[in-house]
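K.L.:
Hey, dropping start.tsv in here, TSV, C-alpha atoms:
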```tsv
chain	number	residue	atom	x	y	z
A	1	MET	CA	59.60	67.97	-78.13
A	2	LEU	CA	60.04	69.50	-81.53
A	3	PRO	CA	57.15	69.93	-83.98
A	4	ASN	CA	58.73	67.42	-86.36
A	5	ASP	CA	58.97	64.52	-83.93
A	6	ASP	CA	56.93	61.31	-84.13
A	7	ALA	CA	54.44	62.22	-81.38
A	8	TYR	CA	53.67	65.58	-82.97
A	9	ARG	CA	53.21	64.02	-86.43
A	10	PHE	CA	51.01	61.30	-84.93
A	11	ALA	CA	48.90	63.95	-83.17
A	12	LEU	CA	48.48	65.92	-86.41
A	13	GLU	CA	47.28	62.82	-88.23
A	14	LEU	CA	45.08	61.74	-85.33
A	15	ALA	CA	43.47	65.17	-85.04
A	16	ASP	CA	42.65	65.05	-88.74
A	17	THR	CA	41.34	61.48	-88.50
A	18	LEU	CA	39.13	62.37	-85.54
A	19	GLY	CA	37.73	65.39	-87.37
A	20	GLU	CA	39.37	68.18	-85.39
A	21	ARG	CA	39.57	71.29	-87.55
A	22	ALA	CA	43.09	72.73	-87.83
A	23	GLY	CA	43.39	75.65	-85.44
A	24	SER	CA	40.38	74.65	-83.31
A	25	GLN	CA	40.71	74.39	-79.55
A	26	GLY	CA	40.55	70.59	-79.72
A	27	HIS	CA	43.24	70.49	-82.40
A	28	LYS	CA	45.55	72.73	-80.36
A	29	THR	CA	44.94	70.66	-77.23
A	30	MET	CA	45.80	67.45	-79.07
A	31	LEU	CA	49.10	68.96	-80.22
A	32	ARG	CA	49.90	70.09	-76.66
A	33	ALA	CA	49.14	66.54	-75.52
A	34	ALA	CA	51.72	65.27	-78.02
A	35	ARG	CA	54.40	67.56	-76.60
A	36	VAL	CA	53.57	66.69	-72.99
A	37	LEU	CA	52.77	62.97	-73.20
A	38	GLY	CA	54.79	61.50	-76.04
A	39	LEU	CA	53.97	58.85	-78.60
A	40	PRO	CA	53.35	55.76	-76.40
A	41	ALA	CA	50.63	57.47	-74.35
A	42	LEU	CA	49.04	59.01	-77.46
A	43	ARG	CA	48.83	55.59	-79.07
A	44	VAL	CA	47.19	54.06	-76.01
A	45	ALA	CA	44.60	56.86	-75.89
A	46	ALA	CA	44.01	56.67	-79.67
A	47	ARG	CA	43.38	52.91	-79.53
A	48	GLU	CA	40.92	53.35	-76.66
A	49	THR	CA	39.19	56.19	-78.51
A	50	LEU	CA	38.70	54.00	-81.59
A	51	ARG	CA	37.49	51.11	-79.43
A	52	LEU	CA	34.89	53.36	-77.78
A	53	ILE	CA	33.78	54.79	-81.13
A	54	ASP	CA	33.32	51.24	-82.45
A	55	ALA	CA	31.28	50.42	-79.33
A	56	GLY	CA	28.91	53.35	-79.92
A	57	GLY	CA	30.88	56.29	-78.52
A	58	LEU	CA	30.43	58.25	-75.31
A	59	SER	CA	27.90	60.85	-74.35
A	60	THR	CA	28.63	64.02	-72.46
A	61	LEU	CA	28.36	63.64	-68.70
A	62	ASP	CA	24.92	65.26	-68.69
A	63	LYS	CA	23.84	62.79	-71.41
A	64	THR	CA	22.49	65.58	-73.64
A	65	ARG	CA	24.59	64.72	-76.70
A	66	PRO	CA	27.22	62.31	-77.97
A	67	ARG	CA	30.85	63.33	-77.66
A	68	THR	CA	32.74	63.99	-80.85
A	69	ALA	CA	35.59	61.60	-81.66
A	70	GLY	CA	38.10	64.28	-80.62
A	71	GLY	CA	36.07	64.91	-77.48
A	72	ILE	CA	36.32	61.24	-76.55
A	73	PHE	CA	40.10	61.31	-77.01
A	74	LEU	CA	40.50	64.46	-74.91
A	75	ARG	CA	38.16	63.16	-72.19
A	76	LEU	CA	40.21	59.98	-71.92
A	77	ILE	CA	43.42	61.96	-71.55
A	78	ARG	CA	41.86	64.29	-68.99
A	79	GLU	CA	40.75	61.33	-66.90
A	80	ALA	CA	44.05	59.48	-67.11
A	81	CYS	CA	46.52	62.30	-66.44
A	82	ASP	CA	47.79	63.41	-63.07
A	83	ASP	CA	46.94	66.97	-61.96
A	84	GLU	CA	50.16	68.62	-63.19
A	85	THR	CA	50.07	66.91	-66.59
A	86	ARG	CA	46.39	67.77	-66.96
A	87	ARG	CA	47.18	71.43	-66.30
A	88	ARG	CA	50.04	71.42	-68.83
A	89	ILE	CA	47.83	69.96	-71.55
A	90	PHE	CA	44.58	71.78	-70.95
A	91	GLY	CA	46.20	75.08	-69.97
A	92	LYS	CA	44.17	75.70	-66.85
A	93	ARG	CA	43.50	74.13	-63.54
A	94	LEU	CA	41.18	71.22	-64.07
A	95	ASP	CA	40.36	69.05	-61.13
A	96	ALA	CA	40.31	65.32	-61.53
A	97	PRO	CA	37.01	64.34	-63.08
A	98	GLY	CA	34.22	63.66	-60.62
A	99	ALA	CA	32.86	60.93	-62.86
A	100	TYR	CA	35.00	58.62	-64.94
A	101	GLN	CA	33.93	57.37	-68.36
A	102	SER	CA	37.14	55.48	-69.03
A	103	SER	CA	37.90	52.04	-67.69
A	104	ALA	CA	40.41	51.43	-64.94
A	105	ALA	CA	42.25	49.11	-67.36
A	106	PHE	CA	42.70	51.97	-69.84
A	107	ARG	CA	43.98	54.29	-67.10
A	108	GLU	CA	46.49	51.62	-66.07
A	109	ARG	CA	47.75	51.18	-69.66
A	110	PHE	CA	47.95	54.95	-70.09
A	111	ALA	CA	49.90	55.41	-66.85
A	112	ALA	CA	52.32	52.67	-67.87
A	113	ALA	CA	52.82	54.37	-71.26
A	114	CYS	CA	53.58	57.60	-69.40
A	115	GLY	CA	56.01	55.77	-67.12
A	116	ARG	CA	53.93	56.28	-63.99
A	117	ALA	CA	52.22	52.95	-63.41
A	118	GLU	CA	52.45	53.39	-59.66
A	119	GLU	CA	50.20	56.49	-59.81
A	120	VAL	CA	47.17	54.86	-61.41
A	121	SER	CA	43.85	56.22	-60.22
A	122	SER	CA	41.92	53.84	-58.04
A	123	HIS	CA	38.57	55.23	-59.17
A	124	ALA	CA	36.06	52.68	-60.36
A	125	SER	CA	35.43	52.32	-64.07
A	126	VAL	CA	32.14	52.92	-65.80
```
Please lay out the structure from this file as structure tokens.

P.N.:
Amino acid sequence: MLPNDDAYRFALELADTLGERAGSQGHKTMLRAARVLGLPALRVAARETLRLIDAGGLSTLDKTRPRTAGGIFLRLIREACDDETRRRIFGKRLDAPGAYQSSAAFRERFAAACGRAEEVSSHASV
């Protein structure tokens, strides 16, 4: 994907809306997600992020602090991606999360947006 395509522009606007500082690690990761995932998957993850924020947000797995809005978005993507896609976005080998904070319904919608509905994780939702 080129930097001027719809997914990239959407990711730039979303990163700003979610408070990710330009040039920060979260900002860069969101732009990589745009190149790897495309607009439909970004929109699904953005809608779920806003829904979770409206519902009170998410805490970190150790429950020591609330996740930032950008952190919620990136956590959702990390949980919903397959191993190869996760590596391409996050730039390192990240195993599938041991604990899921996203719902199974979100992961199904995300997989469908990525064109891989048959690969949906069967992990239980929180």

K.L.:
I need the residue nearest Val36 (chain A) from this list: A:Gly98, A:Leu52, A:Lys92, A:Cys81. Use all atoms listed in the file for the distance.

P.N.:
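Smallest separation from Val36 (chain A) among the options: A:Cys81.
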
K.L.:
In Å, how far is it from CA of Lys63 (chain A) to CA of Leu37 (chain A)?

P.N.:
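Interatomic distance, CA of Lys63 (chain A) to CA of Leu37 (chain A): 29.0 Å.
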
K.L.:
For the atom pair CA of Gln101 (chain A) and CA of Tyr8 (chain A), what is the interatomic distance in Å to one decimal place?

P.N.:
25.9 Å

K.L.:
Looking at A:Ile89, A:Ile72, A:Leu14, A:Leu42, which one is nearest to Thr60 (chain A), with distances taken over all atoms listed in the file?

P.N.:
A:Ile72

K.L.:
CA of Leu12 (chain A) and CA of His27 (chain A) are how many Å apart?

P.N.:
8.0 Å

K.L.:
Using all atoms listed in the file, what table do you get, as a tab-separated table, when you list each residue of region 4-42 of chain A with an atom no more than 12 Å from region 75-80 of chain A, its nearest pair of atoms, and their distance in Å rounded to one decimal, rows by chain then rising number?

P.N.:
```
residue	atom	partner	partner_atom	distance
A:Gly26	CA	A:Arg75	CA	10.8
A:Thr29	CA	A:Ile77	CA	10.5
A:Met30	CA	A:Ile77	CA	9.6
A:Arg32	CA	A:Ile77	CA	11.6
A:Ala33	CA	A:Ile77	CA	8.3
A:Ala34	CA	A:Ile77	CA	11.0
A:Val36	CA	A:Ile77	CA	11.3
A:Leu37	CA	A:Ile77	CA	9.5
A:Ala41	CA	A:Ile77	CA	8.9
A:Leu42	CA	A:Ile77	CA	8.7
```

K.L.:
For Ala111 (chain A), which residue among A:Gly19, A:Arg9, A:Arg51, A:Thr85 is the nearest when counting all atoms listed in the file?

P.N.:
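For Ala111 (chain A), the nearest of the candidates is A:Thr85.
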
K.L.:
Between A:Gly70, A:Gly56, A:Ala112, A:Tyr100, which one has atoms that come closest to Ser24 (chain A), using all atoms listed in the file?

P.N.:
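Closest to Ser24 (chain A) of all the choices is A:Gly70.
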
K.L.:
So which one's closest to Ser102 (chain A), A:Ala46, A:Leu58, A:Ala69, A:Leu18? Using only C-alpha atoms, please.

P.N.:
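Of A:Ala46, A:Leu58, A:Ala69, A:Leu18, the one nearest Ser102 (chain A) is A:Leu58, counting only C-alpha atoms.
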